[in-house]
Each structure stands twice: as C-alpha cells, then as structure tokens.
>>> print(open('run.pdb').read())   # PDB, C-alpha atoms
ATOM      1  CA  MET A  17      97.702 118.412 107.017
ATOM      2  CA  LYS A  18      95.288 121.019 105.721
ATOM      3  CA  GLU A  19      95.315 119.536 102.218
ATOM      4  CA  THR A  20      94.619 116.030 103.544
ATOM      5  CA  GLY A  21      92.054 117.069 106.152
ATOM      6  CA  ILE A  22      94.122 116.010 109.161
ATOM      7  CA  ASP A  23      93.699 117.958 112.405
ATOM      8  CA  ALA A  24      96.417 116.287 114.466
ATOM      9  CA  TYR A  25      99.355 114.228 113.199
ATOM     10  CA  LEU A  26     101.634 111.956 115.207
ATOM     11  CA  ILE A  27     105.274 111.397 114.222
ATOM     12  CA  PRO A  28     106.979 108.602 116.192
ATOM     13  CA  THR A  29     110.582 107.377 116.180
ATOM     14  CA  ASP A  30     110.147 104.057 114.373
ATOM     15  CA  ASP A  31     110.759 102.208 111.139
ATOM     16  CA  PHE A  32     108.604  99.560 109.412
ATOM     17  CA  HIS A  33     109.732  96.926 111.951
ATOM     18  CA  GLY A  34     109.529  98.628 115.353
ATOM     19  CA  SER A  35     113.316  98.700 115.585
ATOM     20  CA  GLU A  36     115.011 100.265 118.602
ATOM     21  CA  TYR A  37     117.457 102.079 116.326
ATOM     22  CA  VAL A  38     116.485 103.420 112.919
ATOM     23  CA  GLY A  39     118.289 104.412 109.750
ATOM     24  CA  ASP A  40     118.492 107.920 108.323
ATOM     25  CA  TYR A  41     115.459 107.406 106.082
ATOM     26  CA  PHE A  42     113.233 106.979 109.133
ATOM     27  CA  ARG A  43     114.412 109.978 111.172
ATOM     28  CA  CYS A  44     111.180 111.849 110.434
ATOM     29  CA  ARG A  45     110.701 113.186 113.948
ATOM     30  CA  ALA A  46     114.248 114.545 113.965
ATOM     31  CA  TYR A  47     113.775 116.132 110.528
ATOM     32  CA  VAL A  48     110.581 117.960 111.465
ATOM     33  CA  SER A  49     111.464 119.004 115.012
ATOM     34  CA  GLY A  50     115.262 119.296 114.995
ATOM     35  CA  PHE A  51     115.408 117.100 118.094
ATOM     36  CA  THR A  52     117.947 114.326 117.477
ATOM     37  CA  GLY A  53     117.604 112.239 120.656
ATOM     38  CA  SER A  54     116.945 108.535 120.168
ATOM     39  CA  ALA A  55     113.541 108.614 121.910
ATOM     40  CA  GLY A  56     110.682 111.011 121.335
ATOM     41  CA  THR A  57     107.199 111.447 119.887
ATOM     42  CA  LEU A  58     106.038 114.554 118.049
ATOM     43  CA  VAL A  59     102.407 115.619 117.789
ATOM     44  CA  VAL A  60     101.502 118.407 115.382
ATOM     45  CA  ALA A  61      98.080 120.026 115.652
ATOM     46  CA  LYS A  62      96.618 122.974 113.730
ATOM     47  CA  ASP A  63      97.841 125.625 116.136
ATOM     48  CA  TRP A  64     100.233 123.747 118.443
ATOM     49  CA  ALA A  65     103.025 121.174 118.380
ATOM     50  CA  GLY A  66     104.658 119.253 121.200
ATOM     51  CA  LEU A  67     107.468 116.767 121.558
ATOM     52  CA  TRP A  68     107.408 114.140 124.306
ATOM     53  CA  THR A  69     110.691 112.707 125.556
ATOM     54  CA  ASP A  70     112.075 111.268 128.785
ATOM     55  CA  GLY A  71     114.443 112.625 131.419
ATOM     56  CA  ARG A  72     117.579 111.629 129.529
ATOM     57  CA  TYR A  73     116.845 114.322 126.965
ATOM     58  CA  PHE A  74     115.278 117.243 128.847
ATOM     59  CA  LEU A  75     118.366 119.466 128.457
ATOM     60  CA  GLN A  76     119.001 118.444 124.864
ATOM     61  CA  GLY A  77     115.316 118.852 124.012
ATOM     62  CA  ALA A  78     115.157 122.351 125.480
ATOM     63  CA  GLN A  79     118.220 123.395 123.478
ATOM     64  CA  GLN A  80     117.220 121.857 120.166
ATOM     65  CA  LEU A  81     113.567 122.940 120.313
ATOM     66  CA  SER A  82     114.379 126.510 121.309
ATOM     67  CA  GLY A  83     112.753 128.910 118.842
ATOM     68  CA  SER A  84     111.089 126.094 116.888
ATOM     69  CA  GLY A  85     107.560 126.739 118.107
ATOM     70  CA  ILE A  86     107.439 123.186 119.443
ATOM     71  CA  ASP A  87     106.767 122.725 123.154
ATOM     72  CA  LEU A  88     108.889 120.267 125.109
ATOM     73  CA  CYS A  89     106.644 117.841 126.997
ATOM     74  CA  LYS A  90     108.709 116.307 129.780
ATOM     75  CA  MET A  91     107.445 112.779 130.291
ATOM     76  CA  GLY A  92     106.756 111.831 133.891
ATOM     77  CA  GLU A  93     106.849 115.407 135.173
ATOM     78  CA  PRO A  94     103.897 116.785 137.219
ATOM     79  CA  GLY A  95     101.162 118.334 135.084
ATOM     80  CA  VAL A  96     102.490 116.871 131.813
ATOM     81  CA  PRO A  97      99.927 114.549 130.198
ATOM     82  CA  THR A  98     100.992 111.486 128.257
ATOM     83  CA  VAL A  99     100.679 111.545 124.485
ATOM     84  CA  GLU A 100      97.622 109.312 124.827
ATOM     85  CA  LYS A 101      95.991 111.589 127.431
ATOM     86  CA  PHE A 102      96.659 114.641 125.273
ATOM     87  CA  LEU A 103      95.034 112.979 122.259
ATOM     88  CA  GLU A 104      92.114 111.774 124.366
ATOM     89  CA  ASP A 105      91.523 115.331 125.588
ATOM     90  CA  LEU A 106      91.546 116.497 121.959
ATOM     91  CA  GLY A 107      88.969 113.841 121.164
ATOM     92  CA  LYS A 108      86.732 114.991 124.005
ATOM     93  CA  LYS A 109      86.918 118.645 122.961
ATOM     94  CA  HIS A 110      86.655 118.122 119.219
ATOM     95  CA  GLN A 111      84.620 115.007 118.553
ATOM     96  CA  GLY A 112      84.826 114.005 114.924
ATOM     97  CA  PHE A 113      88.247 115.518 114.356
ATOM     98  CA  THR A 114      90.683 113.674 112.091
ATOM     99  CA  PHE A 115      93.794 112.098 113.571
ATOM    100  CA  GLY A 116      96.598 110.849 111.400
ATOM    101  CA  TYR A 117      99.923 109.073 111.395
ATOM    102  CA  TYR A 118     101.766 106.887 108.933
ATOM    103  CA  GLY A 119     100.712 103.380 109.859
ATOM    104  CA  ARG A 120     103.926 101.819 108.538
ATOM    105  CA  VAL A 121     105.982 103.409 111.318
ATOM    106  CA  LEU A 122     103.778 102.666 114.312
ATOM    107  CA  ASN A 123     103.515  99.158 115.715
ATOM    108  CA  ALA A 124     100.209  97.338 115.865
ATOM    109  CA  ASP A 125     100.103  97.342 119.677
ATOM    110  CA  ARG A 126     100.175 101.114 119.808
ATOM    111  CA  GLY A 127      97.933 101.504 116.777
ATOM    112  CA  ASN A 128      95.258  99.356 118.384
ATOM    113  CA  GLU A 129      95.652 101.236 121.665
ATOM    114  CA  LEU A 130      95.093 104.586 119.956
ATOM    115  CA  LYS A 131      92.130 103.240 117.991
ATOM    116  CA  ASP A 132      90.467 101.912 121.154
ATOM    117  CA  LEU A 133      91.178 105.162 122.991
ATOM    118  CA  LEU A 134      89.937 107.596 120.350
ATOM    119  CA  SER A 135      87.161 105.698 118.584
ATOM    120  CA  LYS A 136      84.750 106.351 121.458
ATOM    121  CA  TYR A 137      84.970 110.059 120.636
ATOM    122  CA  ASP A 138      84.039 109.551 116.991
ATOM    123  CA  VAL A 139      87.546 110.482 115.880
ATOM    124  CA  GLN A 140      88.306 109.837 112.222
ATOM    125  CA  PHE A 141      91.608 108.175 111.270
ATOM    126  CA  LYS A 142      93.951 108.634 108.310
ATOM    127  CA  LEU A 143      96.816 106.174 108.563
ATOM    128  CA  ASP A 144      98.166 105.921 105.018
ATOM    129  CA  LYS A 145      99.651 109.403 104.695
ATOM    130  CA  ASP A 146     103.411 109.783 105.043
ATOM    131  CA  LEU A 147     103.198 113.556 105.347
ATOM    132  CA  VAL A 148     106.831 113.926 106.331
ATOM    133  CA  GLY A 149     107.844 112.124 103.158
ATOM    134  CA  GLU A 150     105.806 114.626 101.153
ATOM    135  CA  VAL A 151     107.721 117.639 102.494
ATOM    136  CA  TRP A 152     111.194 116.139 103.088
ATOM    137  CA  THR A 153     112.624 116.904  99.662
ATOM    138  CA  ASP A 154     116.195 115.691 100.355
ATOM    139  CA  ARG A 155     115.209 112.619 102.335
ATOM    140  CA  PRO A 156     117.947 109.946 102.416
ATOM    141  CA  GLU A 157     117.318 106.997 100.126
ATOM    142  CA  LEU A 158     116.027 103.739 101.568
ATOM    143  CA  LYS A 159     118.294 101.137 100.013
ATOM    144  CA  PRO A 160     119.709  97.825 101.187
ATOM    145  CA  THR A 161     123.255  96.710 101.839
ATOM    146  CA  GLU A 162     124.414  93.286 100.679
ATOM    147  CA  ILE A 163     123.367  90.337 102.847
ATOM    148  CA  TYR A 164     126.123  87.973 103.992
ATOM    149  CA  GLU A 165     126.217  84.696 105.915
ATOM    150  CA  LEU A 166     127.803  83.958 109.299
ATOM    151  CA  PRO A 167     129.718  80.664 109.703
ATOM    152  CA  LEU A 168     128.246  77.796 111.677
ATOM    153  CA  SER A 169     131.104  78.109 114.177
ATOM    154  CA  THR A 170     129.690  81.514 115.105
ATOM    155  CA  VAL A 171     125.945  80.834 115.086
ATOM    156  CA  GLY A 172     125.893  77.312 116.557
ATOM    157  CA  LYS A 173     122.885  75.994 114.630
ATOM    158  CA  THR A 174     121.963  75.790 110.970
ATOM    159  CA  CYS A 175     118.894  77.547 109.641
ATOM    160  CA  GLU A 176     117.169  74.178 109.191
ATOM    161  CA  GLU A 177     117.783  73.304 112.840
ATOM    162  CA  LYS A 178     116.426  76.642 113.971
ATOM    163  CA  LEU A 179     113.420  76.256 111.678
ATOM    164  CA  ALA A 180     112.667  72.889 113.240
ATOM    165  CA  ASP A 181     112.597  74.522 116.670
ATOM    166  CA  VAL A 182     110.390  77.341 115.377
ATOM    167  CA  ARG A 183     107.973  74.934 113.708
ATOM    168  CA  LYS A 184     107.691  72.904 116.892
ATOM    169  CA  ALA A 185     106.760  76.089 118.751
ATOM    170  CA  MET A 186     104.189  76.854 116.038
ATOM    171  CA  ALA A 187     102.675  73.378 116.383
ATOM    172  CA  ASP A 188     102.566  73.734 120.172
ATOM    173  CA  LYS A 189     100.842  77.099 119.726
ATOM    174  CA  GLY A 190      98.401  75.658 117.181
ATOM    175  CA  THR A 191      99.219  78.182 114.468
ATOM    176  CA  ASP A 192      99.561  77.570 110.741
ATOM    177  CA  TYR A 193     101.735  80.560 109.808
ATOM    178  CA  LEU A 194     104.317  82.689 111.574
ATOM    179  CA  LEU A 195     105.087  86.212 110.356
ATOM    180  CA  ILE A 196     108.471  87.452 111.576
ATOM    181  CA  THR A 197     108.709  91.247 111.480
ATOM    182  CA  ASP A 198     111.569  91.894 113.921
ATOM    183  CA  LEU A 199     114.744  92.405 111.880
ATOM    184  CA  MET A 200     116.970  90.712 114.449
ATOM    185  CA  GLU A 201     114.771  87.604 114.460
ATOM    186  CA  SER A 202     115.046  87.122 110.694
ATOM    187  CA  ALA A 203     118.797  87.695 110.892
ATOM    188  CA  TRP A 204     119.024  85.059 113.640
ATOM    189  CA  LEU A 205     116.849  82.490 111.870
ATOM    190  CA  PHE A 206     118.774  82.507 108.587
ATOM    191  CA  ASN A 207     122.226  83.162 110.082
ATOM    192  CA  LEU A 208     122.434  86.184 107.796
ATOM    193  CA  ARG A 209     123.557  89.734 108.450
ATOM    194  CA  ALA A 210     123.847  93.080 106.640
ATOM    195  CA  ASP A 211     124.445  96.742 107.444
ATOM    196  CA  ASP A 212     121.070  98.353 106.745
ATOM    197  CA  ILE A 213     121.075 100.079 110.160
ATOM    198  CA  ALA A 214     124.226 101.599 111.629
ATOM    199  CA  TYR A 215     125.672  99.584 114.514
ATOM    200  CA  THR A 216     122.970  96.923 114.108
ATOM    201  CA  PRO A 217     123.957  94.184 111.608
ATOM    202  CA  VAL A 218     120.510  93.478 110.164
ATOM    203  CA  PHE A 219     118.724  93.692 106.825
ATOM    204  CA  PHE A 220     115.255  94.954 106.018
ATOM    205  CA  GLY A 221     113.129  91.870 105.589
ATOM    206  CA  TYR A 222     110.071  89.880 106.558
ATOM    207  CA  THR A 223     109.851  86.119 107.031
ATOM    208  CA  LEU A 224     106.742  84.018 106.538
ATOM    209  CA  VAL A 225     106.922  80.457 107.866
ATOM    210  CA  SER A 226     104.549  77.514 107.551
ATOM    211  CA  GLN A 227     105.173  73.828 108.306
ATOM    212  CA  ASP A 228     106.243  73.115 104.741
ATOM    213  CA  GLU A 229     107.501  76.432 103.370
ATOM    214  CA  VAL A 230     109.539  79.504 104.335
ATOM    215  CA  LYS A 231     109.625  82.794 102.454
ATOM    216  CA  LEU A 232     112.074  85.647 102.934
ATOM    217  CA  PHE A 233     110.995  89.079 101.681
ATOM    218  CA  VAL A 234     113.964  91.378 101.005
ATOM    219  CA  MET A 235     114.646  94.548  99.046
ATOM    220  CA  ASP A 236     115.971  94.481  95.526
ATOM    221  CA  GLY A 237     119.740  94.757  95.717
ATOM    222  CA  ALA A 238     120.109  92.981  99.066
ATOM    223  CA  LEU A 239     121.161  89.739  97.336
ATOM    224  CA  LYS A 240     123.402  88.921  94.417
ATOM    225  CA  LYS A 241     121.646  87.669  91.289
ATOM    226  CA  ASP A 242     122.314  84.668  89.081
ATOM    227  CA  ALA A 243     122.664  84.776  85.306
ATOM    228  CA  SER A 244     118.891  84.892  84.876
ATOM    229  CA  GLY A 245     118.567  87.881  87.212
ATOM    230  CA  LYS A 246     117.080  85.878  90.068
ATOM    231  CA  PRO A 247     118.212  86.900  93.588
ATOM    232  CA  VAL A 248     120.293  84.199  95.263
ATOM    233  CA  LEU A 249     120.908  83.680  98.967
ATOM    234  CA  PRO A 250     124.616  83.510  99.943
ATOM    235  CA  SER A 251     124.535  79.825 100.917
ATOM    236  CA  ASP A 252     123.540  76.609  99.152
ATOM    237  CA  GLN A 253     122.229  75.505 102.551
ATOM    238  CA  LEU A 254     119.380  78.010 102.095
ATOM    239  CA  ASN A 255     118.170  76.746  98.713
ATOM    240  CA  PHE A 256     114.840  75.724 100.281
ATOM    241  CA  VAL A 257     114.050  79.355 101.157
ATOM    242  CA  LYS A 258     111.848  81.199  98.670
ATOM    243  CA  VAL A 259     113.009  84.778  98.097
ATOM    244  CA  GLU A 260     110.260  87.340  97.541
ATOM    245  CA  ASP A 261     110.176  91.105  97.041
ATOM    246  CA  TYR A 262     110.160  93.111 100.281
ATOM    247  CA  TYR A 263     107.220  95.251  99.185
ATOM    248  CA  ASP A 264     105.016  92.239  98.400
ATOM    249  CA  ILE A 265     104.578  91.310 102.075
ATOM    250  CA  ASP A 266     101.134  92.914 102.414
ATOM    251  CA  LYS A 267      99.867  91.008  99.391
ATOM    252  CA  ALA A 268     101.318  87.743 100.712
ATOM    253  CA  VAL A 269      99.699  88.140 104.130
ATOM    254  CA  ALA A 270      96.372  89.158 102.626
ATOM    255  CA  ALA A 271      96.431  86.030 100.442
ATOM    256  CA  LEU A 272      96.742  83.601 103.363
ATOM    257  CA  PRO A 273      93.749  81.234 103.660
ATOM    258  CA  ALA A 274      91.010  82.677 105.847
ATOM    259  CA  ASP A 275      90.630  79.393 107.736
ATOM    260  CA  LYS A 276      94.294  79.349 108.806
ATOM    261  CA  THR A 277      95.823  81.008 111.848
ATOM    262  CA  LEU A 278      98.668  83.539 111.772
ATOM    263  CA  TRP A 279     101.069  84.183 114.648
ATOM    264  CA  VAL A 280     102.498  87.710 114.700
ATOM    265  CA  ASP A 281     104.280  89.955 117.206
ATOM    266  CA  GLU A 282     102.206  93.135 117.306
ATOM    267  CA  GLY A 283     105.039  94.907 119.101
ATOM    268  CA  THR A 284     107.143  94.867 115.921
ATOM    269  CA  CYS A 285     104.559  94.395 113.163
ATOM    270  CA  ASN A 286     103.542  97.776 111.771
ATOM    271  CA  TYR A 287      99.888  98.703 112.083
ATOM    272  CA  LEU A 288      99.027  98.793 108.372
ATOM    273  CA  LEU A 289     100.538  95.361 107.812
ATOM    274  CA  SER A 290      98.591  94.003 110.776
ATOM    275  CA  LEU A 291      95.347  95.009 109.069
ATOM    276  CA  GLN A 292      95.948  92.712 106.064
TER     277      GLN A 292
END
>>> encode(input="run.pdb", output="structure tokens")
Amino acid sequence: MKETGIDAYLIPTDDFHGSEYVGDYFRCRAYVSGFTGSAGTLVVAKDWAGLWTDGRYFLQGAQQLSGSGIDLCKMGEPGVPTVEKFLEDLGKKHQGFTFGYYGRVLNADRGNELKDLLSKYDVQFKLDKDLVGEVWTDRPELKPTEIYELPLSTVGKTCEEKLADVRKAMADKGTDYLLITDLMESAWLFNLRADDIAYTPVFFGYTLVSQDEVKLFVMDGALKKDASGKPVLPSDQLNFVKVEDYYDIDKAVAALPADKTLWVDEGTCNYLLSLQ
C-alpha cells in the first residue's frame, strides 16, 4: 500500500463474476486475515484493519482473528458502522486520501456506490492493483477444468431455443448486445458444465450476444482442440458459437459500436469490465 500510495484498501469475497462461492485462487480475504467464513469484507488502513461479517460468523471470526491485529466488526450490532459508513468517515477526516481495491473482484453496483459515496470528499481511487496477488507468493493457480455438455433430456431446451428466447427479450428491451457475466447463466444458455468452482458445476466464461452472433469467452484449456489447435465446443450443435479467449473480453466490449446499446447485469459484472 505504501509503495502504491494507497491509504485504505478493501478486500472483498468475490471473483471476476460476482459468484456466491469462489475458488481457491480468489480467497484473498481469507489469505490476508485468516478468517475462512464464506462472507466477509476486509478493510486495511495505514494503522488499522477491520473485518466485517454477519452474525453467522461472530464466534468463528473472534477465534480466527485473535492475535491478528484485525478488529472484528460485527455487522448489525449497535455502534458498528457499515463498511460504507466507515469509508465515508475516512473521506470526511482525510479528504484527498487514496482508496483502493482490485476492480476485477468487486461488482459494478458496489463499485459505483463507493464512487458516488467517496467522490464528494475528493477521494482518489486506485482500482487496478491486486495487492494481495503481489504478496501471496504461493497463491493457487487459476486454471480451468474441461467443459462438458449435458444431454437434452436433462436441460429441456437446446442452446438455439434458449438463444431465441434471449434474443426476443433483447428486442423487447431495445438492446443490441447482451453481456452475460454470471457463470451460471452462461452454463445454462449453452447447456455446458465444468468444475471450475467446487460444488458449483460452472466454468469461467463470458458470453456476448447480438441478434446475429454469439461469442463465448473461455480460458485456454477449458475446451479440447482440433488438429489445427483451435478450441472446439463439445457439441456439433454449438458450431455457430464463436469461441474467444477469456482474457479478451475487455477488448471485445470496448470495441462495440458507440451507437449500439449494451445490456449488462451490474450485480455480476466486475467494475473494471463495466468501465470498458
């Protein structure tokens, strides 16, 4: 934080898609604090750190944070401010201070809320620094599992039938493009599954839909490759889907025509992607 000029840094419990459950690579809050509950937000300031969690984890939090130097902030208890109120008070006391978080692991709804809340105090923002990644030397690797298809007898509708329904909703909404960021929604649309998150059969991916094209952005290694090295979806019924590299999604969104409209769920779209 000192090297990057950040005065307060927020570490949430999220991945790039606002998932309810996250894989080992994204357990940054647990790595830094030692608190392993499924819900919690850590704020680290220059001379103080606090972890906010709800009543399910008060006992666990007290045990796991003991001796860490991190205060347990019991959400909903008298005299305990929310994370937002705490940050707002910092903004009031130290106008012009620099607030940071990694904008890939905070959804756009919350990112916009924090921007609106703190901008009036002339707070500076640094959102592109994954500080936990810089200090977590043995961080688990982020790698995909192989994507597989579910049979029609299980899913009920083909991908083309589901796409027709989605495109009708897009037309009714008057939007030209739909960006799907929720992992479960992409899994549902294509009738595909994988094991990228324990106990949640999804794959890391983004989907970009227009009325005449659909693109699926997945990690290298998620799909088998043909003789030419091109990734191939596990069904001939999906030959109309264009497969793109997972990490090219920002570039693809930024390249959309300025006169076209984009429909996106800001509850699952990460903040940095929403800025494209």
>>> residues_around(input="run.pdb", residues="Lys109 of chain A", least_positions_apart="5", cutoff="12 Å", atoms="only C-alpha atoms", output="VMD selection string")
chain A and resid 102 to 104 134 137 to 139
>>> resolve_selection(input="run.pdb", expression="the PyMOL selection byres ((chain A and resi 35) around 10)", output="VMD selection string")
chain A and resid 29 to 34 36 to 39 121 123 197 to 200 213 216 283 to 284
>>> write_last_selection(input="run.pdb", atoms="C-alpha atoms", output="short mmCIF file (atom, residue, chain, number, x, y, z; two decimals), in the frame of the given file")
data_model
loop_
_atom_site.label_atom_id
_atom_site.label_comp_id
_atom_site.auth_asym_id
_atom_site.auth_seq_id
_atom_site.Cartn_x
_atom_site.Cartn_y
_atom_site.Cartn_z
CA THR A 29 110.58 107.38 116.18
CA ASP A 30 110.15 104.06 114.37
CA ASP A 31 110.76 102.21 111.14
CA PHE A 32 108.60 99.56 109.41
CA HIS A 33 109.73 96.93 111.95
CA GLY A 34 109.53 98.63 115.35
CA GLU A 36 115.01 100.26 118.60
CA TYR A 37 117.46 102.08 116.33
CA VAL A 38 116.48 103.42 112.92
CA GLY A 39 118.29 104.41 109.75
CA VAL A 121 105.98 103.41 111.32
CA ASN A 123 103.52 99.16 115.72
CA THR A 197 108.71 91.25 111.48
CA ASP A 198 111.57 91.89 113.92
CA LEU A 199 114.74 92.40 111.88
CA MET A 200 116.97 90.71 114.45
CA ILE A 213 121.08 100.08 110.16
CA THR A 216 122.97 96.92 114.11
CA GLY A 283 105.04 94.91 119.10
CA THR A 284 107.14 94.87 115.92
#
>>> residues_near_point(input="run.pdb", point="(90.4, 118.1, 107.1)", cutoff="10 Å", atoms="all atoms listed in the file", output="VMD selection string")
chain A and resid 17 to 24 113 to 115 140
>>> residues_near_point(input="run.pdb", point="(104.9, 109.5, 116.1)", cutoff="10 Å", atoms="all atoms listed in the file", output="list in words")
Tyr25, Leu26, Ile27, Pro28, Thr29, Asp30, Cys44, Arg45, Gly56, Thr57, Leu58, Val59, Val60, Leu67, Trp68, Val99, Gly116, Tyr117, Tyr118, Gly119, Val121 and Leu122 of chain A
>>> atom_distance(input="run.pdb", atom1="atom CA of Leu75 of chain A", atom2="atom CA of Ser49 of chain A")
15.1 Å
>>> closest_residue(input="run.pdb", among="A:Lys159, A:Asp242, A:Glu93, A:Tyr222", to="Phe42 of chain A", atoms="only C-alpha atoms")
A:Lys159
>>> closest_residue(input="run.pdb", among="A:Asp228, A:Glu162, A:Asp192, A:Asp275", to="Pro247 of chain A", atoms="only C-alpha atoms")
A:Glu162
>>> closest_residue(input="run.pdb", among="A:Gly237, A:Gly53, A:Pro273, A:Gly107", to="Gln79 of chain A", atoms="all atoms listed in the file")
A:Gly53
>>> atom_distance(input="run.pdb", atom1="atom CA of Glu100 of chain A", atom2="atom CA of Ala124 of chain A")
15.2 Å
>>> resolve_selection(input="run.pdb", expression="the PyMOL selection byres ((chain A and resi 263) around 10)", output="ChimeraX atom specification")
/A:221-222,233-236,260-262,264-268
>>> closest_residue(input="run.pdb", among="A:Lys246, A:Leu158, A:Gly85, A:Leu166", to="Phe220 of chain A", atoms="all atoms listed in the file")
A:Leu158
>>> closest_residue(input="run.pdb", among="A:Val171, A:Val151, A:Val218, A:Leu289", to="Ala203 of chain A", atoms="all atoms listed in the file")
A:Val218
>>> residues_around(input="run.pdb", residues="Met186 of chain A", least_positions_apart="4", cutoff="12 Å", atoms="only C-alpha atoms", output="list of chain:residue names")
A:Leu179, A:Ala180, A:Asp181, A:Val182, A:Gly190, A:Thr191, A:Asp192, A:Tyr193, A:Leu194, A:Leu195, A:Val225, A:Ser226, A:Gln227, A:Thr277, A:Leu278, A:Trp279, A:Val280
>>> resolve_selection(input="run.pdb", expression="the PyMOL selection byres ((chain A and resi 250-255) around 8)", output="VMD selection string")
chain A and resid 163 to 165 175 206 239 to 240 248 to 249 256 to 258
>>> build_atoms(input="run.pdb", residues="segment 121-141 of chain A", atoms="N, CA, C and O atoms", output="compact mmCIF listing (two decimals), in the frame of the given file")
# COMPACT_ATOMS: atom_id res chain seq x y z
N VAL A 121 104.93 103.13 110.34
CA VAL A 121 105.98 103.41 111.32
C VAL A 121 105.42 103.49 112.75
O VAL A 121 106.00 104.15 113.61
N LEU A 122 104.32 102.81 112.97
CA LEU A 122 103.78 102.67 114.31
C LEU A 122 103.39 101.20 114.48
O LEU A 122 102.73 100.63 113.60
N ASN A 123 103.80 100.59 115.58
CA ASN A 123 103.52 99.16 115.72
C ASN A 123 102.04 98.90 116.00
O ASN A 123 101.30 99.80 116.41
N ALA A 124 101.62 97.69 115.77
CA ALA A 124 100.21 97.34 115.86
C ALA A 124 99.69 97.47 117.30
O ALA A 124 98.53 97.85 117.50
N ASP A 125 100.53 97.17 118.28
CA ASP A 125 100.10 97.34 119.68
C ASP A 125 99.66 98.77 119.93
O ASP A 125 98.59 99.02 120.50
N ARG A 126 100.49 99.71 119.54
CA ARG A 126 100.18 101.11 119.81
C ARG A 126 99.05 101.60 118.90
O ARG A 126 98.21 102.40 119.32
N GLY A 127 99.02 101.13 117.67
CA GLY A 127 97.93 101.50 116.78
C GLY A 127 96.58 101.06 117.31
O GLY A 127 95.60 101.82 117.28
N ASN A 128 96.51 99.85 117.81
CA ASN A 128 95.26 99.36 118.38
C ASN A 128 94.89 100.13 119.65
O ASN A 128 93.70 100.40 119.90
N GLU A 129 95.90 100.47 120.44
CA GLU A 129 95.65 101.24 121.66
C GLU A 129 95.05 102.60 121.33
O GLU A 129 94.06 103.03 121.96
N LEU A 130 95.61 103.28 120.33
CA LEU A 130 95.09 104.59 119.96
C LEU A 130 93.69 104.48 119.34
O LEU A 130 92.83 105.33 119.59
N LYS A 131 93.46 103.44 118.57
CA LYS A 131 92.13 103.24 117.99
C LYS A 131 91.09 103.03 119.09
O LYS A 131 90.01 103.65 119.07
N ASP A 132 91.40 102.17 120.06
CA ASP A 132 90.47 101.91 121.15
C ASP A 132 90.22 103.17 121.99
O ASP A 132 89.10 103.44 122.42
N LEU A 133 91.27 103.96 122.17
CA LEU A 133 91.18 105.16 122.99
C LEU A 133 90.34 106.24 122.33
O LEU A 133 89.50 106.89 122.98
N LEU A 134 90.54 106.45 121.03
CA LEU A 134 89.94 107.60 120.35
C LEU A 134 88.63 107.29 119.63
O LEU A 134 87.85 108.21 119.36
N SER A 135 88.38 106.03 119.32
CA SER A 135 87.16 105.70 118.58
C SER A 135 85.90 106.06 119.35
O SER A 135 84.86 106.39 118.75
N LYS A 136 85.94 106.03 120.66
CA LYS A 136 84.75 106.35 121.46
C LYS A 136 84.37 107.83 121.37
O LYS A 136 83.28 108.21 121.79
N TYR A 137 85.27 108.64 120.82
CA TYR A 137 84.97 110.06 120.64
C TYR A 137 84.67 110.39 119.18
O TYR A 137 84.72 111.55 118.77
N ASP A 138 84.39 109.38 118.40
CA ASP A 138 84.04 109.55 116.99
C ASP A 138 85.16 110.22 116.20
O ASP A 138 84.92 111.00 115.28
N VAL A 139 86.39 109.95 116.60
CA VAL A 139 87.55 110.48 115.88
C VAL A 139 87.72 109.72 114.56
O VAL A 139 87.56 108.50 114.51
N GLN A 140 88.03 110.44 113.51
CA GLN A 140 88.31 109.84 112.22
C GLN A 140 89.82 109.59 112.10
O GLN A 140 90.62 110.36 112.64
N PHE A 141 90.19 108.53 111.38
CA PHE A 141 91.61 108.18 111.27
C PHE A 141 92.07 108.20 109.81
O PHE A 141 91.36 107.75 108.92
